[in-house]
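Read through the structure below, which is laid out as C-alpha cells, and then see the notes.
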Amino acid sequence: MVSTRTVVLRKMTQAQNPHSFEFKSSKRSESSNGEELEVEEKEDDYYDDTYCENCGLGHKPAELLLCDKCDRGFHIFCLRPILVTVPKGSWFCPSCADSKKVTKFPLVQTRIEDFFGIQKFAQDCGKKRRRSGRVVVSKKKRKLLPFSPSEDPERRLEQMASLATALRAVGAKYSNELTYVDGMAPRSANVTALEEGGIQPLARDNIETLKLCYSMIKRGVFPPLMVVADPEEGFTVEADRFIKDLTIITEYVGDVDYLKNRENDDGDSMMTLLHAADPSKILVICPDKRSNIARFINGINNHTMDGKKKQNVKAIRCSVNGEARVLLVAIRDIKKGERLYYNYNGYLNDYPTEHFI
C-alpha cells in the first residue's frame, strides 16, 4: 500500500513549479476556552521529520522519495543508480528491494537462441565478415563501419547472455527494430517530411552497412558488447573488444508513440525519433517493454568537463527510406573494457543529467 506521505510527494513533482507555492494543510486544535480552531501547516513543518538517508538533508522535498516498506527517505539523485524522475506507483529502497536480485541468464546456447529468436546460430562469421572491409573511411566522405564481432563463439554467447540477463531484470522483451503497437503511433506517422527543419537521409553506402549489421544479428552474431551491473550506474555497457571510430554500435529501438501520450510517463529511456513542426506529431521511442542493448548505454553528465570527456558514442537521427531512425555510432576508437556513453541531450537540452556520475 502506498503511504499518504508518498502520494503527496509524487503529486508535487507533477506541478509546473513545485517551489512557487506553499504546501498547506490544516489540523484541528482546541483553544483555552474549548473552541475548536483551525491551525495552518506549511510545507517546512510537513517535512521537518523527513530527510534523505544518504545525504542527511531534507531539502528538495519534491525529489525526496519515501520507501513504501520502511518509510525512510531518499533523494532521487542520491540513490545509486540515480533516478531521473519520481516513479509512479510503489517504490522500495535498496535495502527493502534486496530480495529482487538479478539472476543471470543461463549460458545455454539453445536457451539464448530462443530468447533472441535466432533460428540458426552462426558458429563462424570470419570469411563473411571480411566483406565489410570495403566500407572504409575516406577524407572526402566519412562512411559508417559495421561492428566487428568477437571471433570466439563462446564469448559471443556470454555477451548475449549478459544482454538477456539485463532485459529480463527490467521486464523487457528483446527487439531489434522499431515496433508499432495498436493504441500508439502508427507506422504511417513516421514520415521524415514532417521533421522541423528537415532530417539528413542516410547515404546509400551507410544503408548497406546497416543492413549488414542486421544480417549478422539475425544469424546470432551480435556486437562485441557486454552488459554489466554496476552498483553506482546500474546496468551499463562495456566494449568487449576494440571498436573503431564510426562503427555502428546499434540502433535505438522500442515502441514508437506520440510524445503527447507520454508527457506523464516516468520512463527514463525515451528517445526523440521525429521532432515534427506540429507538436502533436512528435514521436518518441519507448524501450520500456521492447528493446535491445541501446537501452543500457548510459548518458554523460554534460554539465561537467569530466562528464563530457567520457562520451564515445553519438546518437544520430537520420532518414532511411523516408522513415526516421536513430543510430548509436562510435565517435572515436573505443578500447576493450571501456564503457560506452553518449550525450542524452545531443539534440534537445531537456534531459536532467546534472546528477549523472
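Here, A, B, ... name the chains of the C-alpha cells in the order displayed, residue numbers run from 1 inside each chain, and ligands are numbered from 1 in the same displayed order.
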- [ ] Please provide the set of residues having any atom within 9 Å of range 283-285 of chain A, restricted to only C-alpha atoms, with same-chain residues fewer than 2 positions apart removed, written as a list in words.
- [x] Leu178, Thr179, Ala185, Ala189, Asn190, Tyr252, Val253, Gly254, Asp255, Val256, Asp257, Tyr258, Leu259, Lys260, Arg262, Ser269, Met270, Met271, Thr272, Leu273, Leu274, His275, Ala276, Ser280, Lys281 and Pro287 of chain A
Task: Those of range 46-115 of chain A in DSSP helix (DSSP H, G or I), formatted as a PyMOL selection string - done: chain A and resi 46+61-63+109-115
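Proximity ranking of A:Leu163, A:Ala62, A:Val329, A:Leu202 relative to Leu225 in chain A places A:Leu163 first, based on only C-alpha atoms.
Between CA of Arg80 in chain A and CA of Phe92 in chain A the separation is 13.2 Å.
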Open item on the list: Env of Ala169 in chain A: 12 Å cut, atoms = only C-alpha atoms, seq-sep filter 5 positions within chain, self excluded. Answer as a ChimeraX atom specification.
Closed with: /A:100-105,162-164,227,229,234-235,288-289,296
TODO: Tell me, as a ChimeraX atom specification, which residues lie within 12 Å of range 157-160 of chain A, counting only C-alpha atoms; anything in the same chain fewer than 5 positions away does not count.
DONE: /A:104-116,118,121-123,149-152,165-167,174,217,220-228,237-241,292-293
Write the residues of the selection above to a file with C-alpha atoms, as a PDB file, in the first residue's frame.
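Output file again07.pdb follows:
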```
ATOM      1  CA  LYS A 104      21.987 -14.458 -14.562  1.00  0.00           C
ATOM      2  CA  PHE A 105      20.581 -15.854 -17.766  1.00  0.00           C
ATOM      3  CA  PRO A 106      21.726 -19.475 -18.274  1.00  0.00           C
ATOM      4  CA  LEU A 107      24.711 -19.812 -20.580  1.00  0.00           C
ATOM      5  CA  VAL A 108      22.967 -22.407 -22.734  1.00  0.00           C
ATOM      6  CA  GLN A 109      23.060 -21.946 -26.494  1.00  0.00           C
ATOM      7  CA  THR A 110      19.532 -23.198 -27.183  1.00  0.00           C
ATOM      8  CA  ARG A 111      18.069 -21.015 -24.420  1.00  0.00           C
ATOM      9  CA  ILE A 112      19.875 -17.952 -25.776  1.00  0.00           C
ATOM     10  CA  GLU A 113      18.780 -18.724 -29.346  1.00  0.00           C
ATOM     11  CA  ASP A 114      15.154 -18.963 -28.201  1.00  0.00           C
ATOM     12  CA  PHE A 115      15.350 -15.726 -26.198  1.00  0.00           C
ATOM     13  CA  PHE A 116      16.629 -13.718 -29.170  1.00  0.00           C
ATOM     14  CA  ILE A 118      17.526 -16.877 -33.685  1.00  0.00           C
ATOM     15  CA  PHE A 121      23.046 -19.898 -34.560  1.00  0.00           C
ATOM     16  CA  ALA A 122      26.130 -18.861 -36.544  1.00  0.00           C
ATOM     17  CA  GLN A 123      29.249 -20.674 -35.416  1.00  0.00           C
ATOM     18  CA  PRO A 149      32.040  -9.244 -33.611  1.00  0.00           C
ATOM     19  CA  SER A 150      34.118 -11.361 -31.275  1.00  0.00           C
ATOM     20  CA  GLU A 151      35.610 -14.346 -33.083  1.00  0.00           C
ATOM     21  CA  ASP A 152      35.092 -16.820 -30.244  1.00  0.00           C
ATOM     22  CA  THR A 165      20.039 -11.028 -18.093  1.00  0.00           C
ATOM     23  CA  ALA A 166      19.559  -7.238 -18.174  1.00  0.00           C
ATOM     24  CA  LEU A 167      16.415  -7.361 -20.305  1.00  0.00           C
ATOM     25  CA  TYR A 174      14.145  -8.353 -26.916  1.00  0.00           C
ATOM     26  CA  ILE A 217      22.459 -10.094 -35.684  1.00  0.00           C
ATOM     27  CA  GLY A 220      23.197 -14.681 -33.874  1.00  0.00           C
ATOM     28  CA  VAL A 221      26.366 -12.633 -34.339  1.00  0.00           C
ATOM     29  CA  PHE A 222      25.956  -9.651 -32.024  1.00  0.00           C
ATOM     30  CA  PRO A 223      28.136  -6.543 -31.465  1.00  0.00           C
ATOM     31  CA  PRO A 224      31.104  -7.151 -29.109  1.00  0.00           C
ATOM     32  CA  LEU A 225      29.412  -5.644 -26.078  1.00  0.00           C
ATOM     33  CA  MET A 226      28.899  -6.840 -22.522  1.00  0.00           C
ATOM     34  CA  VAL A 227      26.124  -5.604 -20.202  1.00  0.00           C
ATOM     35  CA  VAL A 228      27.363  -5.367 -16.620  1.00  0.00           C
ATOM     36  CA  VAL A 237      27.594  -1.457 -21.410  1.00  0.00           C
ATOM     37  CA  GLU A 238      31.286  -2.212 -21.935  1.00  0.00           C
ATOM     38  CA  ALA A 239      33.208  -2.834 -25.152  1.00  0.00           C
ATOM     39  CA  ASP A 240      34.323  -6.466 -25.161  1.00  0.00           C
ATOM     40  CA  ARG A 241      36.869  -5.866 -27.909  1.00  0.00           C
ATOM     41  CA  ASN A 292      17.904  -4.072 -27.342  1.00  0.00           C
ATOM     42  CA  ILE A 293      21.298  -3.194 -25.862  1.00  0.00           C
TER      43      ILE A 293
END
```
